[in-house]
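K.L.:
File query.cif below, mmCIF, C-alpha atoms:
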```
data_target
loop_
_atom_site.label_atom_id
_atom_site.label_comp_id
_atom_site.auth_asym_id
_atom_site.auth_seq_id
_atom_site.Cartn_x
_atom_site.Cartn_y
_atom_site.Cartn_z
CA MET E 1 -5.58 15.17 -13.21
CA PRO E 2 -2.11 16.62 -13.62
CA ASN E 3 -0.42 15.72 -16.87
CA VAL E 4 2.78 14.08 -15.68
CA LYS E 5 4.79 11.41 -17.41
CA ILE E 6 7.16 8.89 -15.88
CA SER E 7 9.48 6.52 -17.70
CA LEU E 8 9.19 2.75 -17.91
CA ARG E 9 12.21 2.12 -15.71
CA GLN E 10 10.73 4.38 -13.06
CA LEU E 11 7.47 2.45 -13.26
CA THR E 12 9.32 -0.85 -12.78
CA ILE E 13 11.14 0.50 -9.72
CA ILE E 14 7.96 2.02 -8.29
CA THR E 15 6.15 -1.31 -8.59
CA ALA E 16 9.01 -3.21 -6.96
CA LEU E 17 9.36 -0.75 -4.06
CA PHE E 18 5.60 -0.54 -3.57
CA MET E 19 5.31 -4.32 -3.40
CA ILE E 20 8.20 -4.78 -1.00
CA GLY E 21 6.82 -1.98 1.22
CA THR E 22 5.66 -3.25 4.58
CA ALA E 23 5.72 -6.82 3.36
CA ILE E 24 9.46 -7.13 3.95
CA LEU E 25 8.84 -6.53 7.66
CA ILE E 26 5.70 -8.58 8.25
CA VAL E 27 5.47 -11.27 5.56
CA PRO E 28 7.84 -13.84 7.12
CA SER E 29 5.92 -14.02 10.40
CA ALA E 30 2.52 -13.82 8.67
CA LEU E 31 3.46 -16.87 6.59
CA ALA E 32 5.26 -18.78 9.34
CA VAL E 33 2.25 -18.55 11.68
CA LYS E 34 0.23 -20.63 9.23
CA ALA E 35 2.69 -22.71 7.24
CA LYS E 36 5.60 -23.07 9.78
CA GLN E 37 8.78 -24.24 8.02
CA ASP E 38 6.99 -24.46 4.66
CA ALA E 39 6.51 -20.69 4.51
CA TRP E 40 8.84 -20.49 1.54
CA ILE E 41 6.65 -22.96 -0.42
CA ALA E 42 3.64 -20.77 0.37
CA ALA E 43 5.54 -17.71 -0.90
CA LEU E 44 6.48 -19.56 -4.08
CA ILE E 45 2.86 -20.61 -4.76
CA GLY E 46 1.77 -17.09 -3.82
CA ILE E 47 4.05 -15.62 -6.48
CA GLY E 48 2.51 -17.93 -9.08
CA ILE E 49 -1.13 -17.17 -8.21
CA GLY E 50 -0.35 -13.51 -7.57
CA SER E 51 1.16 -13.12 -11.04
CA LEU E 52 -2.08 -14.48 -12.52
CA ILE E 53 -4.10 -11.93 -10.51
CA LEU E 54 -1.70 -9.20 -11.60
CA ALA E 55 -2.22 -10.25 -15.22
CA LEU E 56 -5.96 -9.84 -14.66
CA GLN E 57 -5.45 -6.32 -13.29
CA LEU E 58 -3.13 -5.49 -16.16
CA LEU E 59 -5.73 -6.66 -18.68
CA LEU E 60 -7.95 -3.85 -17.42
CA SER E 61 -5.22 -1.31 -18.06
CA ARG E 62 -4.64 -2.71 -21.56
CA LEU E 63 -8.33 -2.35 -22.43
CA TYR E 64 -8.44 1.28 -21.27
CA PRO E 65 -4.92 2.58 -21.86
CA ASP E 66 -5.54 6.29 -21.30
CA MET E 67 -7.76 6.11 -18.21
CA ASN E 68 -7.12 5.66 -14.52
CA LEU E 69 -9.06 3.38 -12.18
CA VAL E 70 -11.75 5.92 -11.26
CA GLN E 71 -12.36 6.84 -14.88
CA ILE E 72 -12.64 3.18 -15.88
CA SER E 73 -15.21 2.44 -13.17
CA GLU E 74 -17.15 5.62 -14.02
CA LYS E 75 -17.31 4.49 -17.62
CA LEU E 76 -18.34 0.91 -16.86
CA LEU E 77 -20.55 1.33 -13.79
CA GLY E 78 -22.15 4.62 -14.75
CA LYS E 79 -21.22 8.02 -13.42
CA TRP E 80 -22.80 8.04 -9.96
CA LEU E 81 -22.48 4.37 -9.08
CA GLY E 82 -18.86 4.34 -10.27
CA LYS E 83 -18.06 7.44 -8.24
CA SER E 84 -19.66 6.12 -5.05
CA VAL E 85 -18.10 2.64 -5.31
CA CYS E 86 -14.68 4.24 -5.80
CA PHE E 87 -15.31 6.66 -2.94
CA LEU E 88 -16.05 3.82 -0.52
CA LEU E 89 -13.19 1.61 -1.72
CA LEU E 90 -10.69 4.48 -1.56
CA LEU E 91 -11.90 5.43 1.94
CA ILE E 92 -11.34 1.92 3.32
CA LEU E 93 -8.08 1.69 1.40
CA PHE E 94 -6.95 5.00 2.90
CA LEU E 95 -7.66 3.77 6.44
CA GLY E 96 -6.10 0.35 5.94
CA GLY E 97 -3.30 1.43 3.59
CA PRO E 98 -1.30 4.62 4.21
CA VAL E 99 -2.67 5.26 7.71
CA ALA E 100 -1.91 1.74 8.87
CA VAL E 101 1.54 1.70 7.25
CA LEU E 102 2.42 5.03 8.87
CA GLN E 103 1.34 3.60 12.21
CA GLU E 104 3.41 0.51 11.43
CA ILE E 105 6.61 2.52 11.00
CA GLY E 106 5.85 4.36 14.24
CA THR E 107 5.42 1.08 16.10
CA PHE E 108 8.51 -0.41 14.47
CA LEU E 109 10.71 2.51 15.53
CA THR E 110 9.31 2.82 19.05
CA VAL E 111 9.43 -0.93 19.71
CA GLN E 112 12.80 -1.73 18.18
CA ILE E 113 15.03 1.32 17.91
CA MET E 114 13.86 4.31 19.96
CA PRO E 115 11.71 3.02 22.84
CA GLU E 116 11.62 6.29 24.78
CA THR E 117 10.49 8.52 21.92
CA PRO E 118 6.72 9.13 21.79
CA ILE E 119 5.16 7.54 18.71
CA GLN E 120 3.56 10.86 17.72
CA ALA E 121 6.95 12.45 17.08
CA ILE E 122 7.98 9.71 14.67
CA ILE E 123 4.63 9.63 12.91
CA ILE E 124 4.58 13.41 12.42
CA LEU E 125 8.15 13.50 11.11
CA PHE E 126 7.66 10.62 8.70
CA GLY E 127 4.27 11.96 7.64
CA ALA E 128 5.86 15.33 6.88
CA ILE E 129 8.37 13.70 4.51
CA VAL E 130 5.59 11.82 2.75
CA LEU E 131 3.59 15.04 2.39
CA MET E 132 6.60 16.84 0.95
CA GLY E 133 7.12 14.10 -1.61
CA VAL E 134 3.49 13.80 -2.66
CA ARG E 135 3.05 17.58 -2.81
CA LEU E 136 5.98 17.85 -5.21
CA GLY E 137 4.26 15.38 -7.49
CA LEU E 138 4.57 12.01 -9.13
CA GLU E 139 7.63 12.86 -11.22
CA VAL E 140 9.68 13.83 -8.17
CA LEU E 141 8.60 10.68 -6.34
CA ALA E 142 9.49 8.54 -9.33
CA ARG E 143 12.92 10.12 -9.68
CA SER E 144 13.68 9.72 -5.99
CA ALA E 145 12.63 6.07 -6.27
CA GLU E 146 15.10 5.68 -9.10
CA LEU E 147 17.85 7.23 -6.96
CA LEU E 148 17.14 5.24 -3.80
CA PHE E 149 16.55 1.83 -5.38
CA PRO E 150 20.30 1.00 -5.85
CA TRP E 151 20.87 1.78 -2.15
CA PHE E 152 18.04 -0.50 -1.22
CA LEU E 153 19.47 -3.29 -3.40
CA LEU E 154 22.94 -2.78 -1.94
CA LEU E 155 21.64 -3.06 1.63
CA PHE E 156 19.46 -6.04 0.80
CA LEU E 157 22.24 -7.93 -0.97
CA SER E 158 24.70 -7.25 1.83
CA LEU E 159 22.13 -8.50 4.34
CA SER E 160 21.67 -11.72 2.40
CA ILE E 161 25.38 -12.31 1.85
CA LEU E 162 26.40 -11.53 5.44
CA LEU E 163 23.74 -13.90 6.74
CA PHE E 164 24.85 -16.79 4.60
CA SER E 165 27.23 -18.16 7.23
CA GLN E 166 24.33 -18.51 9.70
CA VAL E 167 22.10 -20.60 7.48
CA LYS E 168 20.99 -23.91 9.04
CA TRP E 169 19.45 -26.08 6.37
CA GLU E 170 17.80 -28.40 8.86
CA ASN E 171 15.47 -25.55 9.86
CA ALA E 172 13.53 -26.12 6.65
CA LEU E 173 12.97 -29.82 7.42
CA PRO E 174 10.64 -31.71 7.42
CA ILE E 175 9.08 -30.44 4.24
CA LEU E 176 5.25 -30.54 4.11
CA GLU E 177 5.01 -32.12 7.57
CA GLN E 178 1.25 -31.49 7.84
CA GLY E 179 0.37 -31.89 4.19
CA PRO E 180 -0.54 -29.08 1.82
CA GLY E 181 -3.60 -27.98 3.89
CA PRO E 182 -2.01 -25.21 6.04
CA LEU E 183 -0.48 -23.72 2.90
CA ILE E 184 -3.82 -22.36 1.65
CA PRO E 185 -4.36 -19.58 4.25
CA ALA E 186 -0.64 -18.74 4.08
CA VAL E 187 -0.82 -18.31 0.30
CA CYS E 188 -3.94 -16.16 0.72
CA SER E 189 -2.28 -13.87 3.23
CA PHE E 190 0.82 -13.58 1.00
CA ILE E 191 -1.32 -12.58 -1.98
CA SER E 192 -3.40 -10.14 0.03
CA ILE E 193 -0.37 -8.37 1.50
CA VAL E 194 1.82 -8.38 -1.60
CA TYR E 195 -0.19 -8.62 -4.82
CA LEU E 196 -3.77 -7.44 -4.37
CA PRO E 197 -3.09 -3.81 -3.29
CA ASN E 198 -1.19 -3.38 -6.58
CA MET E 199 -4.58 -2.55 -8.06
CA ILE E 200 -4.08 0.97 -6.69
CA LEU E 201 -1.17 1.42 -9.10
CA LEU E 202 -3.80 1.60 -11.86
CA MET E 203 -4.27 5.19 -10.64
CA ILE E 204 -0.71 5.90 -11.82
CA PHE E 205 -0.24 3.78 -14.95
CA PRO E 206 -0.89 3.53 -17.85
CA ALA E 207 -2.25 7.10 -18.03
CA SER E 208 0.91 8.69 -16.58
CA VAL E 209 3.52 6.62 -18.43
CA ASN E 210 5.26 7.93 -21.51
CA ARG E 211 5.23 4.67 -23.49
CA GLN E 212 1.88 3.18 -22.62
CA SER E 213 2.07 0.05 -24.74
CA GLU E 214 5.02 -1.29 -22.77
CA ALA E 215 3.77 -0.22 -19.34
CA ASN E 216 2.32 -3.64 -18.52
CA LYS E 217 5.63 -5.36 -19.16
CA ALA E 218 7.38 -2.83 -16.90
CA VAL E 219 4.92 -3.48 -14.07
CA PHE E 220 5.29 -7.22 -14.49
CA ILE E 221 9.09 -7.06 -14.29
CA GLY E 222 8.81 -4.82 -11.24
CA SER E 223 6.47 -7.24 -9.53
CA LEU E 224 8.85 -10.12 -10.25
CA ILE E 225 11.80 -8.21 -8.73
CA GLY E 226 9.71 -7.34 -5.68
CA SER E 227 8.37 -10.83 -5.13
CA LEU E 228 11.79 -12.46 -5.55
CA ILE E 229 13.20 -10.15 -2.87
CA LEU E 230 10.31 -11.10 -0.58
CA LEU E 231 10.80 -14.81 -1.33
CA LEU E 232 14.48 -14.46 -0.41
CA ILE E 233 13.67 -12.73 2.87
CA VAL E 234 11.15 -15.46 3.76
CA ILE E 235 13.70 -18.20 2.96
CA LEU E 236 16.39 -16.41 5.01
CA SER E 237 14.07 -15.99 8.01
CA ILE E 238 13.15 -19.67 7.95
CA LEU E 239 16.71 -20.90 7.44
CA VAL E 240 18.45 -18.57 9.90
CA LEU E 241 15.88 -18.02 12.64
CA GLY E 242 13.85 -21.20 12.31
CA PRO E 243 10.06 -21.34 12.01
CA THR E 244 9.26 -20.92 15.72
CA ILE E 245 11.19 -17.68 16.23
CA THR E 246 10.01 -16.29 12.87
CA GLU E 247 6.43 -16.96 13.89
CA LYS E 248 6.70 -15.31 17.31
CA THR E 249 8.67 -12.20 16.34
CA MET E 250 6.87 -9.06 15.28
CA TYR E 251 9.54 -8.01 12.76
CA PRO E 252 11.58 -11.10 11.80
CA SER E 253 13.70 -9.33 9.19
CA TYR E 254 14.95 -6.87 11.82
CA LEU E 255 15.92 -9.81 14.00
CA LEU E 256 17.71 -11.23 10.95
CA ALA E 257 19.81 -8.09 10.72
CA GLN E 258 20.64 -8.40 14.43
CA LYS E 259 21.91 -11.93 13.81
CA ILE E 260 24.66 -10.74 11.46
CA ASN E 261 27.95 -11.68 13.05
CA ILE E 262 31.16 -11.99 11.06
CA GLY E 263 34.03 -13.20 13.24
CA ASN E 264 32.63 -11.48 16.39
CA PHE E 265 33.71 -8.23 14.80
CA LEU E 266 31.09 -7.10 12.27
CA GLN E 267 27.89 -7.21 14.32
CA ARG E 268 24.91 -5.15 15.50
CA ILE E 269 24.55 -3.31 12.20
CA GLU E 270 20.76 -3.63 12.22
CA VAL E 271 20.15 0.13 12.32
CA ILE E 272 22.07 0.57 9.06
CA MET E 273 19.95 -2.21 7.63
CA ALA E 274 16.82 -0.44 8.89
CA VAL E 275 17.45 2.27 6.27
CA MET E 276 16.27 -0.36 3.78
CA TRP E 277 12.86 -0.46 5.44
CA PHE E 278 12.62 3.31 5.68
CA ILE E 279 13.06 3.47 1.90
CA THR E 280 10.43 0.86 1.06
CA LEU E 281 7.94 2.03 3.69
CA PHE E 282 8.30 5.61 2.46
CA PHE E 283 7.38 4.62 -1.07
CA ARG E 284 4.57 2.36 0.09
CA ILE E 285 2.94 5.22 2.04
CA SER E 286 3.67 7.79 -0.66
CA PHE E 287 2.11 5.86 -3.52
CA TYR E 288 -0.88 4.76 -1.48
CA PHE E 289 -1.36 8.37 -0.45
CA TYR E 290 -0.76 9.78 -3.93
CA ALA E 291 -3.27 7.35 -5.37
CA THR E 292 -5.86 8.27 -2.74
CA VAL E 293 -5.47 12.01 -3.33
CA ALA E 294 -5.53 11.56 -7.11
CA GLY E 295 -8.57 9.29 -6.84
CA TYR E 296 -10.53 11.74 -4.70
CA CYS E 297 -9.61 14.59 -7.04
CA GLN E 298 -10.88 12.52 -9.95
CA ILE E 299 -14.13 11.70 -8.14
CA PHE E 300 -14.86 15.35 -7.34
CA ASN E 301 -13.57 16.68 -10.68
CA ILE E 302 -10.72 18.60 -9.05
CA LYS E 303 -7.96 19.33 -11.54
CA ASN E 304 -5.08 20.40 -9.29
CA ILE E 305 -4.25 17.84 -6.60
CA GLN E 306 -1.59 19.95 -4.88
CA PRO E 307 -3.75 22.00 -2.47
CA LEU E 308 -5.47 18.86 -1.15
CA VAL E 309 -2.28 17.07 -0.16
CA ILE E 310 -1.60 18.88 3.12
CA PRO E 311 -5.16 18.72 4.54
CA LEU E 312 -5.52 15.03 3.67
CA GLY E 313 -2.02 14.46 5.03
CA TRP E 314 -3.11 16.08 8.27
CA ILE E 315 -5.92 13.53 8.51
CA LEU E 316 -3.39 10.80 7.65
CA THR E 317 -1.04 11.68 10.48
CA THR E 318 -3.73 12.29 13.11
CA LEU E 319 -5.49 9.03 12.27
CA ALA E 320 -2.20 7.11 12.28
CA VAL E 321 -1.76 7.86 16.00
CA PHE E 322 -4.89 6.01 17.11
CA ILE E 323 -5.76 3.73 14.17
CA TYR E 324 -4.77 0.56 16.05
CA PRO E 325 -5.65 0.67 19.77
CA ASN E 326 -3.41 -2.36 20.46
CA VAL E 327 -1.41 -5.11 18.79
CA MET E 328 -4.14 -7.73 19.20
CA PHE E 329 -6.56 -5.48 17.33
CA GLU E 330 -3.97 -5.06 14.59
CA HIS E 331 -3.50 -8.82 14.17
CA ASN E 332 -7.24 -9.39 14.09
CA TRP E 333 -7.74 -6.58 11.59
CA GLU E 334 -5.03 -7.84 9.26
CA ALA E 335 -6.32 -11.40 9.28
CA ARG E 336 -10.07 -10.87 9.47
CA THR E 337 -10.75 -7.60 7.64
CA TRP E 338 -7.80 -6.48 5.55
CA THR E 339 -7.45 -9.81 3.74
CA PRO E 340 -11.16 -9.97 2.73
CA PHE E 341 -11.10 -6.30 1.76
CA SER E 342 -8.05 -6.71 -0.43
CA PHE E 343 -9.75 -9.68 -2.12
CA ILE E 344 -12.74 -7.43 -2.86
CA PHE E 345 -10.57 -4.56 -4.05
CA GLY E 346 -7.88 -6.44 -5.92
CA LEU E 347 -9.74 -9.45 -7.31
CA LEU E 348 -13.54 -9.09 -7.29
CA PHE E 349 -13.58 -5.42 -8.32
CA PRO E 350 -11.43 -5.91 -11.47
CA LEU E 351 -13.39 -9.09 -12.25
CA LEU E 352 -16.63 -7.09 -12.04
CA LEU E 353 -15.21 -4.37 -14.29
CA LEU E 354 -13.96 -6.93 -16.81
CA GLY E 355 -17.33 -8.67 -16.79
CA LEU E 356 -19.11 -5.38 -17.45
CA HIS E 357 -16.66 -4.65 -20.24
CA GLY E 358 -17.50 -8.03 -21.78
CA ILE E 359 -21.26 -7.37 -21.57
CA ARG E 360 -20.79 -3.97 -23.18
CA LYS E 361 -18.77 -5.48 -25.98
CA ILE E 362 -21.41 -8.14 -26.70
CA ARG E 363 -24.15 -5.50 -26.66
CA SER E 364 -22.30 -3.11 -28.93
CA LYS E 365 -21.62 -6.01 -31.30
CA GLY E 366 -25.31 -6.85 -31.30
CA ALA E 367 -26.48 -3.29 -31.91
CA PRO E 368 -25.12 -2.69 -35.42
CA LYS E 369 -26.45 -6.11 -36.54
CA LYS E 370 -29.93 -4.99 -35.59
CA SER E 371 -29.61 -1.81 -37.62
CA ARG E 372 -28.29 -3.75 -40.58
CA PHE E 373 -31.24 -6.12 -40.64
CA PRO E 374 -34.29 -4.13 -39.52
CA GLU E 375 -37.35 -6.17 -38.68
CA MET A 1 -1.79 25.13 24.65
CA ASN A 2 -2.46 22.17 22.36
CA VAL A 3 -5.50 23.85 20.87
CA ALA A 4 -3.49 26.98 20.12
CA LEU A 5 -0.79 24.86 18.46
CA ILE A 6 -3.31 23.07 16.26
CA LEU A 7 -4.98 26.32 15.23
CA MET A 8 -1.60 27.90 14.48
CA THR A 9 -0.63 24.98 12.25
CA ALA A 10 -3.97 25.23 10.48
CA ALA A 11 -3.40 28.95 9.93
CA LEU A 12 0.05 28.15 8.54
CA VAL A 13 -1.42 25.63 6.08
CA VAL A 14 -4.07 28.13 4.98
CA TRP A 15 -1.42 30.83 4.54
CA LEU A 16 0.63 28.40 2.45
CA GLU A 17 -2.12 27.24 0.12
CA LEU A 18 -4.86 29.88 0.02
CA PRO A 19 -3.30 32.77 -1.96
CA ARG A 20 -2.44 30.58 -4.95
CA MET A 21 -5.90 29.04 -5.06
CA LEU A 22 -7.54 32.46 -4.91
CA ARG A 23 -5.23 33.77 -7.62
CA GLU A 24 -5.99 30.89 -9.97
CA ARG A 25 -9.72 30.99 -9.08
CA GLU A 26 -9.85 27.28 -8.28
CA GLN A 27 -13.35 26.95 -6.81
CA ARG A 28 -13.49 23.15 -6.49
CA GLU A 29 -9.99 22.97 -5.05
CA LEU A 30 -10.99 25.54 -2.45
CA TRP A 31 -14.03 23.49 -1.41
CA GLY A 32 -12.07 20.26 -1.15
CA PHE A 33 -9.29 22.01 0.74
CA SER A 34 -11.62 23.57 3.32
CA VAL A 35 -13.65 20.38 3.92
CA LEU A 36 -10.53 18.24 4.42
CA LEU A 37 -8.81 20.85 6.59
CA LEU A 38 -11.89 21.23 8.81
CA LEU A 39 -12.08 17.45 9.13
CA GLY A 40 -8.40 17.25 10.06
CA VAL A 41 -8.61 20.06 12.61
CA GLY A 42 -11.77 18.46 14.00
CA ILE A 43 -10.06 15.09 14.50
CA SER A 44 -7.02 16.77 16.12
CA LEU A 45 -9.17 18.83 18.48
CA THR A 46 -11.22 15.78 19.47
CA GLN A 47 -7.97 13.99 20.18
CA THR A 48 -6.81 16.68 22.59
CA PHE A 49 -10.04 16.49 24.59
CA ILE A 50 -10.84 12.76 24.47
CA SER A 51 -7.85 10.52 25.07
CA ASP A 52 -9.13 7.29 23.56
CA ILE A 53 -11.21 7.79 20.44
CA PRO A 54 -12.55 4.55 18.96
CA THR A 55 -10.81 3.79 15.68
CA PRO A 56 -12.79 4.05 12.44
CA LEU A 57 -11.56 0.54 11.64
CA ILE A 58 -14.24 -0.95 13.95
CA LEU A 59 -16.87 0.31 11.51
CA VAL A 60 -15.05 -1.15 8.51
CA ALA A 61 -14.56 -4.45 10.32
CA SER A 62 -18.28 -4.77 11.10
CA LEU A 63 -19.10 -3.83 7.49
CA LEU A 64 -16.91 -6.60 6.10
CA LYS A 65 -17.73 -9.21 8.74
CA PRO A 66 -20.16 -11.30 6.62
CA PHE A 67 -17.65 -11.64 3.79
CA SER A 68 -14.86 -12.37 6.25
CA ASP A 69 -16.97 -15.08 7.92
CA PHE A 70 -17.66 -16.58 4.51
CA LEU A 71 -13.95 -16.70 3.66
CA THR A 72 -13.19 -18.27 7.05
CA ALA A 73 -15.90 -20.88 6.46
CA ILE A 74 -14.43 -21.99 3.14
CA GLY A 75 -10.95 -22.04 4.71
CA LEU A 76 -9.23 -19.30 2.72
CA ILE A 77 -8.32 -17.32 5.84
CA GLN A 78 -7.68 -18.50 9.36
#
```
Just give me the structure as structure tokens.

P.N.:
Amino acid sequence: MPNVKISLRQLTIITALFMIGTAILIVPSALAVKAKQDAWIAALIGIGIGSLILALQLLLSRLYPDMNLVQISEKLLGKWLGKSVCFLLLLILFLGGPVAVLQEIGTFLTVQIMPETPIQAIIILFGAIVLMGVRLGLEVLARSAELLFPWFLLLFLSLSILLFSQVKWENALPILEQGPGPLIPAVCSFISIVYLPNMILLMIFPASVNRQSEANKAVFIGSLIGSLILLLIVILSILVLGPTITEKTMYPSYLLAQKINIGNFLQRIEVIMAVMWFITLFFRISFYFYATVAGYCQIFNIKNIQPLVIPLGWILTTLAVFIYPNVMFEHNWEARTWTPFSFIFGLLFPLLLLGLHGIRKIRSKGAPKKSRFPE
Amino acid sequence: MNVALILMTAALVVWLELPRMLREREQRELWGFSVLLLLGVGISLTQTFISDIPTPLILVASLLKPFSDFLTAIGLIQ
């Protein structure tokens, strides 16, 4: 593993940008499909439960402060079992994470902005930028995140403020029309899109952070910033577009940007707003991809990750072209396979590791007692 | 035409990465590099000859189907 160090502020920004990632495009409709006008309640509950899950993941990093995820699982599961479990998890994560997100940005651009451009052109161009970033290393990525985050905030705040005149409060009524039942799957999909993949950030912190003891706090603040931004975008989609349109649109937040209209003069600025999504999607793909490369290097004991970036990136871009044959497949995959997988990866896997840690601790406590009182 | 383009890009990548790896005598890096590059070139070449390759996600979906069915049964996902 390369010995790079990033600062706490960079870690906070990375976490926030990674969490916002694709979620800012797809979360409003994913929630509105299940919870209708109560999507914002589902997001609020999701933030609560998600923070608990994040605390669980962070506990793992506090117990092993100088190791990354692969090293932790090698230590707790044994060398070969740990390596093979991580290999499988990282493989599925690679297919469902960076590849799918790269395909997502291709679809987004070809559907909404440039309908006559072949999707391959966009995927190859965007993939090339990601490869450049990851090849230059974690420090460069972290610094560019630090530079681009204010621009993202500026665009996001201007989107929210410009939309304020279009808010219709009656769109959020009636509250809890069908009882709390439909909220449960909505909360689950919110957690699985936003919080559970954060587990992959354990490949980056705490081992690569300069002040390790405060890394957890930095990640927590970052996750709060990210989830508040997502909550705001869900509330805006519900209040401005209404639950029915939010549910039936593929990218509700893009439609939100189209709705901006100040005095019939300031309108159709959605492409400027789209820069916001390019920033977050870039960091989502980059950190997924960085974590995959670093994880595979760790599994195969490769010290220098740089030479592997371009070949794996080649696989990333070629797979991204045909990963989803059609939109129906994508919806089915997200609901039926990605959600269960992220529960396995983000919740059951850390629980298993924590359980094994507990067993080890009990055993190692028992062992010296035995030696002290021999039979 | 497409095949030539793919092979040229592969040659470019090799030219970019190989000399440094040889100089630093990074054996494991070299192995990983060649396996991944061959895989990538293989997928690209298959794509030029067969227009609709089934996605690898079908395999993952069938692998996770029991767990997914379980979660659907207890109402966590729809």

K.L.:
Do a neighbour search on Ile58 in chain A at 12 Å with all atoms listed in the file, toss out local chain neighbours closer than 5 positions, and write the hits as a list in words.

P.N.:
Ile92, Leu95, Gly96, Ile323, Tyr324, Pro325, Phe329, Glu330, Asn332, Trp333, Arg336, Thr337 and Trp338 of chain E; Ile53, Leu63, Leu64 and Lys65 of chain A

K.L.:
Using only C-alpha atoms, which of the listed residues (E:Glu270, E:Asp66, E:Glu146, E:Glu104) sits closest to Phe322 in chain E?

P.N.:
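For Phe322 in chain E, the nearest of the candidates is E:Glu104.
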
K.L.:
Enumerate, in order of chain and increasing residue number, the residues of chain A with an atom no farther than 10 Å from range 300-312 of chain E, each with its shortest atom pair and distance in Å to one decimal, counting only C-alpha atoms, as CSV.

P.N.:
```
residue,atom,partner,partner_atom,distance
A:Ala10,CA,E:Pro311,CA,8.9
A:Val13,CA,E:Ile310,CA,7.4
A:Val14,CA,E:Pro311,CA,9.5
A:Leu16,CA,E:Pro307,CA,9.2
A:Glu17,CA,E:Pro307,CA,6.1
A:Leu18,CA,E:Pro307,CA,8.3
A:Arg20,CA,E:Pro307,CA,9.0
A:Met21,CA,E:Pro307,CA,7.8
A:Glu26,CA,E:Asn304,CA,8.4
A:Gln27,CA,E:Ile302,CA,9.0
A:Arg28,CA,E:Ile302,CA,5.9
A:Glu29,CA,E:Ile302,CA,6.0
A:Leu30,CA,E:Pro307,CA,8.1
A:Trp31,CA,E:Ile302,CA,9.7
A:Gly32,CA,E:Leu308,CA,6.7
A:Phe33,CA,E:Leu308,CA,5.3
A:Ser34,CA,E:Pro311,CA,8.2
A:Val35,CA,E:Pro311,CA,8.7
A:Leu36,CA,E:Pro311,CA,5.4
A:Leu37,CA,E:Pro311,CA,4.7
A:Leu38,CA,E:Pro311,CA,8.4
A:Leu39,CA,E:Pro311,CA,8.4
A:Gly40,CA,E:Pro311,CA,6.6
A:Val41,CA,E:Pro311,CA,8.9
```

K.L.:
Run the PyMOL selection byres ((chain E and resi 349) around 12) against the file shown and list the residues it catches, as a ChimeraX atom specification.

P.N.:
/E:53,56-57,60,69-70,72-73,76-77,82,85-86,89,196-197,199-200,341-348,350-356

K.L.:
What residues come out when you apply the PyMOL selection byres ((chain E and resi 287-289) around 9) to this file, written as a list in words?

P.N.:
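Applied to this file, the PyMOL selection byres ((chain E and resi 287-289) around 9) returns Ile14, Phe18, Leu93, Phe94, Gly97, Pro98, Val99, Val130, Leu131, Val134, Leu138, Leu141, Ile200, Leu201, Ile204, Phe282, Phe283, Arg284, Ile285, Ser286, Tyr290, Ala291, Thr292, Val293, Ala294, Val309, Leu312, Gly313 and Leu316 of chain E.
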
K.L.:
So which one's closest to chain A, E:Ser227, E:Asn198, E:Ser213, E:Ser189? Using all atoms listed in the file, please.

P.N.:
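For chain A, the nearest of the candidates is E:Ser189.
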
K.L.:
I'd like the interatomic distance between CA of Leu319 in chain E and CA of Ser84 in chain E, to a tenth of an Å.

P.N.:
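Answer for the CA of Leu319 in chain E to CA of Ser84 in chain E separation: 22.6 Å.
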
K.L.:
Taking the file as I've supplied it (selection: the PyMOL selection byres ((chain E and resi 7-11) around 12)), which residues are included? Please answer as a CSV table (one decimal) with C-alpha atoms, in the coordinates of the input.

P.N.:
```
chain,number,residue,atom,x,y,z
E,4,VAL,CA,2.8,14.1,-15.7
E,5,LYS,CA,4.8,11.4,-17.4
E,6,ILE,CA,7.2,8.9,-15.9
E,12,THR,CA,9.3,-0.8,-12.8
E,13,ILE,CA,11.1,0.5,-9.7
E,14,ILE,CA,8.0,2.0,-8.3
E,15,THR,CA,6.2,-1.3,-8.6
E,16,ALA,CA,9.0,-3.2,-7.0
E,17,LEU,CA,9.4,-0.8,-4.1
E,18,PHE,CA,5.6,-0.5,-3.6
E,138,LEU,CA,4.6,12.0,-9.1
E,139,GLU,CA,7.6,12.9,-11.2
E,140,VAL,CA,9.7,13.8,-8.2
E,141,LEU,CA,8.6,10.7,-6.3
E,142,ALA,CA,9.5,8.5,-9.3
E,143,ARG,CA,12.9,10.1,-9.7
E,144,SER,CA,13.7,9.7,-6.0
E,145,ALA,CA,12.6,6.1,-6.3
E,146,GLU,CA,15.1,5.7,-9.1
E,147,LEU,CA,17.8,7.2,-7.0
E,148,LEU,CA,17.1,5.2,-3.8
E,149,PHE,CA,16.6,1.8,-5.4
E,201,LEU,CA,-1.2,1.4,-9.1
E,202,LEU,CA,-3.8,1.6,-11.9
E,204,ILE,CA,-0.7,5.9,-11.8
E,205,PHE,CA,-0.2,3.8,-15.0
E,206,PRO,CA,-0.9,3.5,-17.8
E,207,ALA,CA,-2.2,7.1,-18.0
E,208,SER,CA,0.9,8.7,-16.6
E,209,VAL,CA,3.5,6.6,-18.4
E,210,ASN,CA,5.3,7.9,-21.5
E,211,ARG,CA,5.2,4.7,-23.5
E,212,GLN,CA,1.9,3.2,-22.6
E,213,SER,CA,2.1,0.0,-24.7
E,214,GLU,CA,5.0,-1.3,-22.8
E,215,ALA,CA,3.8,-0.2,-19.3
E,216,ASN,CA,2.3,-3.6,-18.5
E,217,LYS,CA,5.6,-5.4,-19.2
E,218,ALA,CA,7.4,-2.8,-16.9
E,219,VAL,CA,4.9,-3.5,-14.1
E,220,PHE,CA,5.3,-7.2,-14.5
E,221,ILE,CA,9.1,-7.1,-14.3
E,222,GLY,CA,8.8,-4.8,-11.2
E,223,SER,CA,6.5,-7.2,-9.5
E,287,PHE,CA,2.1,5.9,-3.5
```
